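For reference, target_38.cif (mmCIF, C-alpha atoms):
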data_model
loop_
_atom_site.label_atom_id
_atom_site.label_comp_id
_atom_site.auth_asym_id
_atom_site.auth_seq_id
_atom_site.Cartn_x
_atom_site.Cartn_y
_atom_site.Cartn_z
CA MET A 1 53.64 85.05 109.77
CA PRO A 2 56.35 85.30 107.05
CA ALA A 3 59.48 87.32 107.69
CA GLN A 4 59.30 90.90 106.43
CA ARG A 5 62.09 93.22 105.34
CA LYS A 6 61.93 96.91 106.03
CA LYS A 7 64.20 99.14 104.03
CA ASN A 8 65.30 102.33 105.68
CA GLY A 9 67.49 103.58 102.83
CA ARG A 10 70.62 104.05 104.95
CA ARG A 11 73.87 103.73 103.05
CA LYS A 12 77.37 103.25 104.40
CA ASN A 13 80.48 104.26 102.41
CA GLY A 14 78.36 104.74 99.29
CA GLU A 15 77.89 101.00 98.70
CA GLY A 16 74.92 98.71 99.32
CA SER A 17 71.95 99.46 101.53
CA TRP A 18 70.90 98.87 105.12
CA GLY A 19 67.55 97.74 106.47
CA THR A 20 65.77 95.67 109.09
CA LYS A 21 63.95 92.35 108.90
CA LYS A 22 61.80 90.46 111.38
CA ILE A 23 62.49 86.76 111.66
CA LYS A 24 60.20 84.80 114.01
CA GLY A 25 59.31 88.00 115.79
CA VAL A 26 62.90 89.12 116.30
CA GLU A 27 64.11 92.20 114.44
CA TYR A 28 67.51 91.93 112.73
CA LYS A 29 69.59 94.49 110.90
CA TYR A 30 70.90 93.62 107.46
CA PHE A 31 73.17 95.03 104.81
CA ARG A 32 72.64 94.23 101.11
CA LYS A 33 75.53 94.48 98.67
CA GLN A 34 76.23 93.21 95.16
CA TYR A 35 79.16 90.90 94.38
CA SER A 36 79.71 90.04 90.71
CA GLY A 37 76.16 91.16 89.92
CA GLU A 38 74.47 89.09 92.64
CA ASP A 39 72.92 90.38 95.89
CA LYS A 40 74.39 89.22 99.17
CA TYR A 41 72.69 89.83 102.54
CA PHE A 42 74.43 90.06 105.91
CA TYR A 43 72.35 89.82 109.10
CA GLY A 44 73.01 90.68 112.74
CA LYS A 45 71.45 92.21 115.82
CA THR A 46 73.81 95.20 115.70
CA ASP A 47 75.65 97.21 113.06
CA SER A 48 78.96 95.96 114.44
CA GLU A 49 77.92 92.33 114.06
CA VAL A 50 76.85 92.93 110.46
CA LYS A 51 80.08 94.78 109.61
CA SER A 52 82.11 91.93 111.11
CA LYS A 53 80.35 89.42 108.84
CA ILE A 54 80.91 91.64 105.79
CA LYS A 55 84.62 91.96 106.55
CA LYS A 56 85.05 88.20 107.09
CA PHE A 57 83.22 87.39 103.84
CA GLU A 58 85.28 89.83 101.78
CA GLU A 59 88.58 88.70 103.30
CA ASN A 60 87.76 85.03 102.65
CA ASN A 61 86.85 85.80 99.04
CA SER A 62 89.89 88.02 98.32
CA ILE A 63 87.74 91.07 97.63
CA VAL A 64 89.61 94.36 97.60
CA VAL A 65 88.05 96.82 100.03
CA ASN A 66 89.02 100.48 100.08
CA LYS A 67 86.76 103.18 101.45
CA ASN A 68 88.55 105.87 99.42
CA ILE A 69 89.19 103.91 96.23
CA ASN A 70 89.10 107.05 94.06
CA LYS A 71 92.00 108.52 96.04
CA GLN A 72 94.13 105.38 95.91
CA THR A 73 96.98 105.55 93.40
CA PHE A 74 97.04 103.21 90.45
CA GLY A 75 100.41 101.88 91.64
CA GLU A 76 98.97 100.91 95.02
CA TYR A 77 95.92 99.39 93.41
CA ILE A 78 97.73 97.18 90.89
CA LEU A 79 100.15 95.87 93.55
CA ASN A 80 97.18 95.04 95.77
CA TRP A 81 95.42 93.35 92.84
CA LEU A 82 98.54 91.29 92.05
CA GLU A 83 99.02 90.07 95.62
CA ILE A 84 95.41 89.44 96.66
CA VAL A 85 93.53 88.65 93.45
CA LYS A 86 96.02 87.37 90.87
CA GLN A 87 98.58 85.45 92.93
CA PRO A 88 96.33 82.46 93.81
CA SER A 89 95.55 81.79 90.12
CA ILE A 90 99.00 81.90 88.49
CA LYS A 91 102.26 79.95 88.73
CA LYS A 92 104.98 81.24 91.05
CA ARG A 93 107.34 81.97 88.17
CA THR A 94 104.57 83.90 86.37
CA TYR A 95 103.91 85.85 89.56
CA ASP A 96 107.61 86.78 89.75
CA SER A 97 107.43 88.00 86.15
CA TYR A 98 104.28 90.07 86.79
CA GLU A 99 105.83 91.58 89.90
CA ASP A 100 109.05 92.55 88.08
CA ILE A 101 107.10 94.18 85.24
CA ILE A 102 104.86 96.13 87.62
CA ASN A 103 107.75 97.31 89.79
CA THR A 104 110.05 98.22 86.91
CA GLN A 105 107.64 99.58 84.30
CA ILE A 106 104.90 101.06 86.51
CA ILE A 107 105.92 101.74 90.12
CA ASN A 108 109.47 102.91 89.37
CA TYR A 109 108.83 104.27 85.86
CA LYS A 110 109.45 108.01 86.24
CA ASN A 111 109.27 109.19 82.61
CA TYR A 112 105.46 109.15 82.78
CA ASP A 113 104.11 108.61 86.29
CA ILE A 114 101.04 106.45 85.65
CA SER A 115 101.67 104.85 89.06
CA GLY A 116 101.00 108.08 90.92
CA LYS A 117 97.67 108.82 89.21
CA GLN A 118 94.65 108.45 91.47
CA MET A 119 92.10 105.79 90.50
CA GLY A 120 89.38 108.43 90.27
CA SER A 121 91.35 110.47 87.74
CA LEU A 122 92.42 107.69 85.34
CA SER A 123 91.58 108.21 81.68
CA GLU A 124 92.16 106.66 78.28
CA ASP A 125 94.36 109.63 77.37
CA MET A 126 96.68 108.96 80.33
CA PHE A 127 97.30 105.37 79.31
CA GLN A 128 97.87 106.39 75.68
CA LYS A 129 100.52 108.92 76.75
CA TYR A 130 102.07 106.29 79.02
CA TYR A 131 102.46 103.74 76.21
CA ASN A 132 103.64 106.39 73.76
CA ASP A 133 106.40 107.26 76.24
CA MET A 134 107.33 103.60 76.79
CA ALA A 135 108.06 103.37 73.08
CA ASN A 136 111.14 105.52 73.72
CA TYR A 137 112.70 102.87 75.97
CA TYR A 138 111.20 99.42 75.32
CA SER A 139 110.47 96.96 72.54
CA ARG A 140 106.93 96.46 71.26
CA ALA A 141 106.88 92.92 72.69
CA THR A 142 107.70 94.29 76.17
CA ILE A 143 104.97 96.94 75.87
CA ILE A 144 102.43 94.30 74.86
CA LYS A 145 103.26 92.17 77.94
CA ASN A 146 102.79 95.26 80.10
CA TYR A 147 99.48 96.03 78.37
CA ILE A 148 98.14 92.51 79.00
CA ILE A 149 98.84 92.78 82.75
CA ILE A 150 97.35 96.26 83.15
CA LYS A 151 94.26 95.28 81.15
CA GLN A 152 93.58 92.37 83.50
CA CYS A 153 93.78 94.77 86.45
CA ILE A 154 91.53 97.35 84.75
CA ASN A 155 88.93 94.69 83.91
CA TYR A 156 88.94 93.54 87.53
CA ALA A 157 88.52 97.10 88.80
CA LEU A 158 85.59 97.58 86.41
CA SER A 159 83.92 94.35 87.59
CA LYS A 160 84.13 95.60 91.19
CA ASN A 161 82.79 99.07 90.26
CA HIS A 162 86.08 100.66 91.36
CA ILE A 163 86.21 102.43 87.97
CA THR A 164 83.55 103.18 85.39
CA GLU A 165 85.32 102.77 82.03
CA LYS A 166 87.50 100.32 80.11
CA TYR A 167 90.39 102.73 79.70
CA LEU A 168 92.51 100.45 77.51
CA ASP A 169 89.95 99.44 74.88
CA GLN A 170 90.80 102.31 72.53
CA VAL A 171 94.48 102.64 73.48
CA THR A 172 96.86 101.95 70.59
CA ILE A 173 100.13 100.10 71.15
CA PRO A 174 102.97 101.88 69.30
CA SER A 175 103.95 100.14 66.06
CA GLU A 176 107.30 98.45 65.46
CA ASP A 177 108.45 101.51 63.47
CA LEU A 178 107.95 103.80 66.48
CA VAL A 179 109.62 101.81 69.27
CA LYS A 180 113.28 102.44 70.06
CA VAL A 181 114.20 98.81 70.75
CA LYS A 182 113.58 96.91 67.52
CA LYS A 183 112.57 93.29 67.23
CA LYS A 184 115.65 91.11 66.93
CA GLU A 185 115.83 88.50 64.21
CA ILE A 186 116.49 85.05 65.68
CA GLN A 187 119.72 83.57 64.37
CA PHE A 188 119.85 79.81 63.88
CA LEU A 189 122.99 77.70 63.72
CA THR A 190 123.78 76.22 60.35
CA GLU A 191 124.74 72.55 60.08
CA SER A 192 128.33 73.66 59.51
CA ASP A 193 128.26 75.78 62.69
CA MET A 194 126.80 72.87 64.68
CA ASN A 195 129.64 70.63 63.54
CA LYS A 196 132.21 73.26 64.52
CA LEU A 197 130.63 73.66 67.96
CA TYR A 198 130.58 69.90 68.48
CA LYS A 199 134.25 69.63 67.51
CA GLU A 200 135.21 72.55 69.76
CA SER A 201 133.38 71.03 72.74
CA LYS A 202 135.85 68.13 72.69
CA ARG A 203 138.97 70.31 72.83
CA ILE A 204 141.61 69.14 75.33
CA ASN A 205 144.05 71.32 77.27
CA LYS A 206 147.57 70.88 75.95
CA ASP A 207 150.89 72.68 75.98
CA GLY A 208 150.53 75.89 74.00
CA PHE A 209 146.72 75.83 74.24
CA ASN A 210 145.66 75.82 77.85
CA PHE A 211 142.80 77.83 79.38
CA GLY A 212 143.94 77.20 82.94
CA GLY A 213 142.89 73.58 83.35
CA LYS A 214 145.09 70.55 83.72
CA ILE A 215 146.91 69.23 80.68
CA GLY A 216 144.96 66.37 79.12
CA GLU A 217 141.60 67.41 80.59
CA PRO A 218 138.67 68.87 78.59
CA VAL A 219 138.92 72.66 78.17
CA TYR A 220 135.22 73.34 78.82
CA GLY A 221 134.42 70.56 81.28
CA ILE A 222 130.90 69.14 81.51
CA ASN A 223 129.37 72.48 80.48
CA ALA A 224 130.26 71.71 76.88
CA TYR A 225 128.32 68.45 76.99
CA ALA A 226 125.27 70.29 78.33
CA ILE A 227 125.36 72.75 75.42
CA ILE A 228 125.74 69.96 72.87
CA LEU A 229 122.82 68.03 74.37
CA ILE A 230 120.61 71.12 74.17
CA MET A 231 121.73 71.74 70.59
CA TYR A 232 120.82 68.25 69.37
CA THR A 233 117.63 67.68 71.41
CA GLY A 234 116.04 71.11 71.75
CA MET A 235 115.70 70.67 75.49
CA ARG A 236 115.18 73.69 77.71
CA ILE A 237 117.83 74.54 80.30
CA GLY A 238 115.44 73.76 83.17
CA GLU A 239 114.71 70.34 81.69
CA LEU A 240 118.41 69.61 81.30
CA ILE A 241 119.22 70.56 84.90
CA ALA A 242 116.44 68.27 86.17
CA LEU A 243 117.74 65.19 84.31
CA LYS A 244 118.62 62.05 86.31
CA TRP A 245 120.40 58.91 85.18
CA ALA A 246 117.10 57.11 85.67
CA ASP A 247 115.66 59.24 82.84
CA ILE A 248 118.18 57.89 80.33
CA ASP A 249 117.84 54.56 78.51
CA LEU A 250 121.30 53.97 77.02
CA GLU A 251 120.40 50.58 75.57
CA ASN A 252 117.49 51.87 73.48
CA LYS A 253 118.93 55.38 73.13
CA PHE A 254 115.95 57.15 74.73
CA LEU A 255 115.99 60.22 76.95
CA TYR A 256 112.86 60.94 79.02
CA VAL A 257 112.02 64.50 80.02
CA LYS A 258 109.95 64.05 83.18
CA LYS A 259 110.37 67.35 84.98
CA SER A 260 111.86 70.81 84.79
CA ILE A 261 113.55 73.09 87.30
CA SER A 262 112.68 76.77 87.40
CA ILE A 263 114.22 79.56 89.44
CA ILE A 264 111.75 81.57 91.54
CA LYS A 265 112.08 84.26 94.17
CA ASN A 266 112.58 83.00 97.72
CA ARG A 267 109.62 84.64 99.45
CA ASP A 268 110.53 82.93 102.72
CA ARG A 269 113.76 84.94 102.87
CA LYS A 270 114.18 86.45 106.35
CA THR A 271 117.76 87.78 106.37
CA LYS A 272 120.17 89.19 103.79
CA ASP A 273 122.20 85.99 104.03
CA ASP A 274 119.28 83.86 102.83
CA LEU A 275 119.16 83.02 99.12
CA LYS A 276 117.25 85.51 96.99
CA TYR A 277 116.13 82.75 94.64
CA LYS A 278 115.43 79.05 94.95
CA ARG A 279 114.89 76.12 92.62
CA ARG A 280 111.47 74.61 92.11
CA ASN A 281 110.75 71.23 90.49
CA LYS A 282 107.89 70.96 88.06
CA TYR A 283 106.80 67.52 86.82
CA LYS A 284 105.73 67.07 83.22
CA ASN A 285 102.35 65.60 82.33
#
Translate this file's structure into structure tokens.
Amino acid sequence: MPAQRKKNGRRKNGEGSWGTKKIKGVEYKYFRKQYSGEDKYFYGKTDSEVKSKIKKFEENNSIVVNKNINKQTFGEYILNWLEIVKQPSIKKRTYDSYEDIINTQIINYKNYDISGKQMGSLSEDMFQKYYNDMANYYSRATIIKNYIIIKQCINYALSKNHITEKYLDQVTIPSEDLVKVKKKEIQFLTESDMNKLYKESKRINKDGFNFGGKIGEPVYGINAYAIILIMYTGMRIGELIALKWADIDLENKFLYVKKSISIIKNRDRKTKDDLKYKRRNKYKN
């Protein structure tokens, strides 16, 4: 005789449905819930056994669970989303950047407290007022970076049925004319300026012109050579720091950029004496 399910309509926490099912003559309890639009069933002989399986599944799949999601603040939610959902999919340096933006521009932003709004009360109007206020303190580029992060979080919340609307779809980012911090024009060195900088980098300490170094030694030390190398090659600072003598072919005048060093937060820091940041090597393809 095939197994039969019997729905009893019970619901727990407003999500999914409970029921019973006979398998080879033995009656089991089950809970049905949707994840990303697909039904998932959890079976057990008792409610506790079923709940344990649900919890284990959701923890293993980084699914945010909150019985009172509507009462959770947006600040709490986006930090939880960053740590549990976003962190495994982005680079450590990107994670540091996301975390700094969220802490500075959302959690500790007091001019318009979007962080303290409850998830159940969020609205398009709130986010519009928030970005309008940010225009009084930040550049448009900074606001756009903030918008991109929040939109990812909002889209995730919508996919998990934690909210019911795409609050940012109709929100307008303030124009360049309205933001207080204007876009800066990038200044490039002229050929004449490059020649002057190159000449200055070779300056030697001498009587009457000494910056504190020994007479006869270079004024700027090896730092000057680093700046000149960047100027003529276009290398990034992280790529320069990672250079080894093995990466340089003096005979054929080739320089190979094989890796870069980035500075990331030291999340293994246990005491105040431990370094706040640490270097991380990244190899080029």
Fewer than 2 positions away in the same chain doesn't count, so skip those; otherwise give me all residues within 12 Å of Lys117 in chain A, counting only C-alpha atoms, as an mmCIF file with C-alpha atoms, keeping the file's coordinate frame.
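selection33.cif was written with the following content:
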data_model
loop_
_atom_site.group_PDB
_atom_site.id
_atom_site.type_symbol
_atom_site.label_atom_id
_atom_site.label_comp_id
_atom_site.auth_asym_id
_atom_site.auth_seq_id
_atom_site.Cartn_x
_atom_site.Cartn_y
_atom_site.Cartn_z
ATOM 1 C CA ASN A 70 89.100 107.050 94.060
ATOM 2 C CA LYS A 71 92.000 108.520 96.040
ATOM 3 C CA GLN A 72 94.130 105.380 95.910
ATOM 4 C CA THR A 73 96.980 105.550 93.400
ATOM 5 C CA PHE A 74 97.040 103.210 90.450
ATOM 6 C CA GLY A 75 100.410 101.880 91.640
ATOM 7 C CA GLU A 76 98.970 100.910 95.020
ATOM 8 C CA TYR A 77 95.920 99.390 93.410
ATOM 9 C CA ILE A 78 97.730 97.180 90.890
ATOM 10 C CA ILE A 106 104.900 101.060 86.510
ATOM 11 C CA ILE A 107 105.920 101.740 90.120
ATOM 12 C CA TYR A 112 105.460 109.150 82.780
ATOM 13 C CA ASP A 113 104.110 108.610 86.290
ATOM 14 C CA ILE A 114 101.040 106.450 85.650
ATOM 15 C CA SER A 115 101.670 104.850 89.060
ATOM 16 C CA MET A 119 92.100 105.790 90.500
ATOM 17 C CA GLY A 120 89.380 108.430 90.270
ATOM 18 C CA SER A 121 91.350 110.470 87.740
ATOM 19 C CA LEU A 122 92.420 107.690 85.340
ATOM 20 C CA SER A 123 91.580 108.210 81.680
ATOM 21 C CA MET A 126 96.680 108.960 80.330
ATOM 22 C CA PHE A 127 97.300 105.370 79.310
ATOM 23 C CA TYR A 130 102.070 106.290 79.020
#
- Item | Chain and number of each residue from the PyMOL selection byres ((chain A and resi 153-164) around 8), as a ChimeraX atom specification | /A:35-36,69-70,78,81,119-120,149-152,165-168
Could you turn the residues from that selection into a file that holds C-alpha atoms, as a PDB file, in the frame of the given file?
ATOM      1  CA  TYR A  35      79.160  90.900  94.380  1.00  0.00           C
ATOM      2  CA  SER A  36      79.710  90.040  90.710  1.00  0.00           C
ATOM      3  CA  ILE A  69      89.190 103.910  96.230  1.00  0.00           C
ATOM      4  CA  ASN A  70      89.100 107.050  94.060  1.00  0.00           C
ATOM      5  CA  ILE A  78      97.730  97.180  90.890  1.00  0.00           C
ATOM      6  CA  TRP A  81      95.420  93.350  92.840  1.00  0.00           C
ATOM      7  CA  MET A 119      92.100 105.790  90.500  1.00  0.00           C
ATOM      8  CA  GLY A 120      89.380 108.430  90.270  1.00  0.00           C
ATOM      9  CA  ILE A 149      98.840  92.780  82.750  1.00  0.00           C
ATOM     10  CA  ILE A 150      97.350  96.260  83.150  1.00  0.00           C
ATOM     11  CA  LYS A 151      94.260  95.280  81.150  1.00  0.00           C
ATOM     12  CA  GLN A 152      93.580  92.370  83.500  1.00  0.00           C
ATOM     13  CA  GLU A 165      85.320 102.770  82.030  1.00  0.00           C
ATOM     14  CA  LYS A 166      87.500 100.320  80.110  1.00  0.00           C
ATOM     15  CA  TYR A 167      90.390 102.730  79.700  1.00  0.00           C
ATOM     16  CA  LEU A 168      92.510 100.450  77.510  1.00  0.00           C
TER      17      LEU A 168
END
- In Å to one decimal, how far is CA of Ala226 in chain A from CA of Asn195 in chain A? 15.4 Å
- Query: Separation of CA of Tyr109 in chain A and CA of Asp274 in chain A, in Å?
  - Reply: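 Rounded to one decimal, the two atoms are 28.5 Å apart.
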Evaluated on this file, the PyMOL selection byres ((chain A and resi 245) around 12) picks out some residues - which ones are they, written as an mmCIF file with C-alpha atoms, in the coordinates of the input?
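Once written, selection_6.cif looks like this:
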data_model
loop_
_atom_site.group_PDB
_atom_site.id
_atom_site.type_symbol
_atom_site.label_atom_id
_atom_site.label_comp_id
_atom_site.auth_asym_id
_atom_site.auth_seq_id
_atom_site.Cartn_x
_atom_site.Cartn_y
_atom_site.Cartn_z
ATOM 1 C CA LEU A 240 118.410 69.610 81.300
ATOM 2 C CA ILE A 241 119.220 70.560 84.900
ATOM 3 C CA ALA A 242 116.440 68.270 86.170
ATOM 4 C CA LEU A 243 117.740 65.190 84.310
ATOM 5 C CA LYS A 244 118.620 62.050 86.310
ATOM 6 C CA ALA A 246 117.100 57.110 85.670
ATOM 7 C CA ASP A 247 115.660 59.240 82.840
ATOM 8 C CA ILE A 248 118.180 57.890 80.330
ATOM 9 C CA ASP A 249 117.840 54.560 78.510
ATOM 10 C CA LEU A 250 121.300 53.970 77.020
ATOM 11 C CA PHE A 254 115.950 57.150 74.730
ATOM 12 C CA LEU A 255 115.990 60.220 76.950
ATOM 13 C CA TYR A 256 112.860 60.940 79.020
ATOM 14 C CA VAL A 257 112.020 64.500 80.020
ATOM 15 C CA LYS A 258 109.950 64.050 83.180
#
- Closest to Pro218 in chain A among A:Ala141, A:Ile204, A:Ile102, A:Met134, using all atoms listed in the file?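 Nearest candidate to Pro218 in chain A out of A:Ala141, A:Ile204, A:Ile102, A:Met134: A:Ile204.
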Six-sided padding of 6 Å per side, axis-aligned box over range 201-220 of chain A, centre and edges in Å, one decimal, as lines of an AutoDock Vina configuration file:
center_x = 142.1
center_y = 72.1
center_z = 78.2
size_x = 29.5
size_y = 23.5
size_z = 23.0
Take the structure in the block and write a file for range 158-178 of chain A, C-alpha atoms, as a PDB file, in the first residue's frame.
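Result went into result.pdb, see below:
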ATOM      1  CA  LEU A 158      12.359  39.626  -0.571  1.00  0.00           C
ATOM      2  CA  SER A 159      13.491  36.193  -1.819  1.00  0.00           C
ATOM      3  CA  LYS A 160      13.070  34.817   1.715  1.00  0.00           C
ATOM      4  CA  ASN A 161       9.641  36.459   2.151  1.00  0.00           C
ATOM      5  CA  HIS A 162      10.998  38.585   5.014  1.00  0.00           C
ATOM      6  CA  ILE A 163       9.587  41.664   3.234  1.00  0.00           C
ATOM      7  CA  THR A 164       6.939  42.058   0.556  1.00  0.00           C
ATOM      8  CA  GLU A 165       8.214  44.907  -1.640  1.00  0.00           C
ATOM      9  CA  LYS A 166      11.317  46.032  -3.535  1.00  0.00           C
ATOM     10  CA  TYR A 167      11.690  49.271  -1.626  1.00  0.00           C
ATOM     11  CA  LEU A 168      14.610  50.614  -3.671  1.00  0.00           C
ATOM     12  CA  ASP A 169      13.250  50.150  -7.199  1.00  0.00           C
ATOM     13  CA  GLN A 170      11.688  53.616  -7.358  1.00  0.00           C
ATOM     14  CA  VAL A 171      14.178  55.388  -5.075  1.00  0.00           C
ATOM     15  CA  THR A 172      16.129  58.154  -6.814  1.00  0.00           C
ATOM     16  CA  ILE A 173      19.802  58.739  -6.047  1.00  0.00           C
ATOM     17  CA  PRO A 174      20.459  62.489  -5.599  1.00  0.00           C
ATOM     18  CA  SER A 175      22.096  64.082  -8.638  1.00  0.00           C
ATOM     19  CA  GLU A 176      25.614  65.499  -8.688  1.00  0.00           C
ATOM     20  CA  ASP A 177      24.165  69.021  -8.359  1.00  0.00           C
ATOM     21  CA  LEU A 178      22.474  68.146  -5.049  1.00  0.00           C
TER      22      LEU A 178
END
